[in-house]
Every structure is written in structure tokens, then in C-alpha cells.
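Colleague: Structure incoming, see below.
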Amino acid sequence: MLREFSAPIPGPKQYDWAAVPAPQDCGEALGDPTALCGRIVYEGSYHRQGLSGAMETCLLRETLCRKLCLAVNKLPLDYSILIFDALRPLPVQQAIYDRFKAQLLRERPEASPAELELILDDFVAKPVKRLHRPAPHTTGGAVDLTLCKNGVPLDMGTGFDDFTALARTVALEQDCPPGLEK
């Protein structure tokens with residue numbers, strides 16, 4: 001049974017991106033969290049899928065690497081972190097974007113280009129060099145991960161790269177899927 005909360009989890013904030021100043025590169029080096037902590041494993045999902053340019057090595061900003069190590073060390077010893085994806089070169093971002101866009105075109109042939117862009121933007125950052133809003137994975141500052149117990153990934157409700165409404169933060173608070181109780 002799902003625990004009830006007094007208020008729904010808020011959805012993502014809508015930002016006026018034109019008003020946000022361009023980020024400045026902090027100059028922080030990249031590191032491999034798997035080299036710092038044995039309880040962090042890198043799957044390299046896109047490399048395994050054969051996407052050209054996908055990384056074999058897990059690279060993230062050093063601060064993020066340290067924070068992941070701190071987090072996993074606060075978990076019971078039979079828990080670990082499995083990283084699906086970390087730093088992602090722009091061509092890989094383009095391949096992911098194109099693949100999801102093709103899927104949307106098959107599933108929603110009646111959708112207008114503007115509707116498709118809105119859906120795409122909810123799940124996959126636009127693969128363009130934007131100084132004011134870079135795709136987070138292209139900076140080494142984003143990570144896709146899950147928790148594992150005894151090396152087995154825990155059920156988080158959807159799989160990796162699930163681009164459906166069920167993957168949204170508020171999914172279980174709105175239309176609960178069949179088989180789950182509110």
C-alpha cells in the first residue's frame with residue numbers, strides 16, 4: 001500500500017529561461033565515482049546499446065562523485081548504487097533525442113510539431129549547444145541511477161529511460177496505474 005501524503009509532490013518548476021544568465025564553466029574536473037567507491041557500479045547503458053560516442057567510463061563532476069560516495073556510504077552495506085548514464089557527449093544526446101522523437105511520431109502521428117517538442121522537452125534535453133541552458137548530461141553534472149540491494153536493482157516503478165507518464169514525479173498521485181492502491 002502506498003503511503004498517503006498531505007500534499008502532492010510539486011511538479012517541475014517552469015522557468016523563464018530567457019531571464020537566466022548563461023552559466024559559467026566552474027572548471028571543476030571530471031572523475032569516476034566507481035574508482036572512489038566499490039559500492040557504485042557503472043552500467044554504461046548507451047555504450048551497451050551501441051550508441052556511437054557513448055562512454056565506456058563513468059565521468060561526473062568531482063563534487064557529484066564525492067556526494068554519491070557519501071550517499072552510498074550512508075546506506076546499509078547490502079545496498080549499492082547502479083549508474084545507468086553519466087557524462088554524455090552531444091552526439092549521444094542527439095541519438096537519444098532522435099530515438100524518442102521517432103517513437104513519439106509513431107505513437108502520436110496526429111501531434112503537431114509544437115506538441116511533440118513539449119513532450120520531448122519533458123523527458124530529453126534538446127541536443128544543442130546552449131550556453132544558457134545546456135543539456136545537463138553534457139556537463140557531467142547529471143546522473144541516471146538506481147539503488148540496488150544485494151546487487152539487484154530495486155523496483156522504482158518504471159525502467160531506465162521510460163518516457164511515459166508513469167515516469168513523471170506526480171504519476172502515482174494522479175492516475176494510479178492498475179494493480180496499485182492509492
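Residues are referred to by chain and number: the chain letter is A, B, ... according to the order shown in the C-alpha cells, the number counts from 1 in that chain, and ligands are numbered separately from 1 in the order shown.
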So which bits of segment 35-171 of chain A end up strand (DSSP E) when you DSSP the backbone, as a list in words?
Modeller: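 Everything in segment 35-171 of chain A that counts as strand (DSSP E) is Ile40, Val41, Tyr42, Leu60, Arg61, Tyr79, Ser80, Ile81, Leu82, Ile83, Phe84, Asp85, Asp144, Leu145, Thr146, Leu147, Cys148, Lys149, Val152 and Pro153 of chain A.
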Colleague: Would you pick out the contacts of Leu90 of chain A at 12 Å or less, using only C-alpha atoms, so that residues sharing its chain but fewer than 3 positions from it are not included, and give the list as a ChimeraX atom specification?
Modeller: /A:51-55,87,93-97,125-130,134-140
Colleague: Using only C-alpha atoms, which of A:Leu30, A:Leu82, A:Glu43, A:Lys74 sits nearest Leu60 of chain A?
Modeller: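 The answer is A:Leu30, which sits nearest to Leu60 of chain A.
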Colleague: Which of segment 25-172 of chain A counts as alpha helix (DSSP H) under DSSP, as number ranges by chain please?
Modeller: A: 33-36, 45-48, 62-73, 90-107, 113-123
Colleague: In Å, how far is it from atom CA of Asp98 of chain A to atom CA of Leu145 of chain A?
Modeller: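 Answer for the atom CA of Asp98 of chain A to atom CA of Leu145 of chain A separation: 22.1 Å.
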Colleague: Just checking: using only C-alpha atoms, which residue out of A:Cys58, A:Leu105, A:Val72, A:Ala35 ends up closest to Lys149 of chain A?
Modeller: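 Among the listed residues, the smallest separation from Lys149 of chain A belongs to A:Val72.
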Colleague: One number please: atom CA of Ser45 of chain A to atom CA of Asp85 of chain A, in Å, one decimal.
Modeller: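 Straight-line distance from atom CA of Ser45 of chain A to atom CA of Asp85 of chain A works out to 6.3 Å.
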Colleague: With distances taken over only C-alpha atoms, which residue among A:Ala114, A:Leu68, A:Val143, A:Ile40 lies nearest Phe160 of chain A?
Modeller: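 Closest to Phe160 of chain A of all the choices is A:Val143.
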Colleague: Atom CA of Gly141 of chain A and atom CA of Ile83 of chain A are how many Å apart?
Modeller: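 Straight-line distance from atom CA of Gly141 of chain A to atom CA of Ile83 of chain A works out to 13.3 Å.
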Colleague: With only C-alpha atoms as the counted atoms, please give the residues lying no more than 9 Å from Val152 of chain A, apart from itself and same-chain residues fewer than 5 positions off, as a ChimeraX atom specification.
Modeller: /A:79-80,147
Colleague: Write the residues of the selection above to a file with all heavy atoms, as a compact mmCIF listing (two decimals), in the first residue's frame.
Modeller:
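Ended up saving to part_7.txt:
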```txt
# COMPACT_ATOMS: atom_id res chain seq x y z
N TYR A 79 23.28 -2.50 0.28
CA TYR A 79 22.78 -1.59 -0.76
C TYR A 79 23.94 -0.99 -1.53
O TYR A 79 25.02 -0.76 -0.98
CB TYR A 79 21.94 -0.47 -0.15
CG TYR A 79 20.56 -0.91 0.26
CD1 TYR A 79 20.35 -1.56 1.47
CD2 TYR A 79 19.47 -0.70 -0.57
CE1 TYR A 79 19.09 -1.99 1.85
CE2 TYR A 79 18.20 -1.12 -0.20
CZ TYR A 79 18.02 -1.76 1.01
OH TYR A 79 16.77 -2.18 1.36
N SER A 80 23.68 -0.71 -2.80
CA SER A 80 24.67 -0.08 -3.67
C SER A 80 23.96 0.83 -4.66
O SER A 80 22.73 0.88 -4.71
CB SER A 80 25.49 -1.15 -4.41
OG SER A 80 24.63 -1.98 -5.18
N LEU A 147 18.98 2.38 -7.03
CA LEU A 147 19.51 1.69 -5.86
C LEU A 147 19.42 0.19 -6.09
O LEU A 147 18.47 -0.29 -6.73
CB LEU A 147 18.72 2.06 -4.61
CG LEU A 147 18.83 3.49 -4.14
CD1 LEU A 147 17.89 3.73 -2.95
CD2 LEU A 147 20.26 3.82 -3.76
```
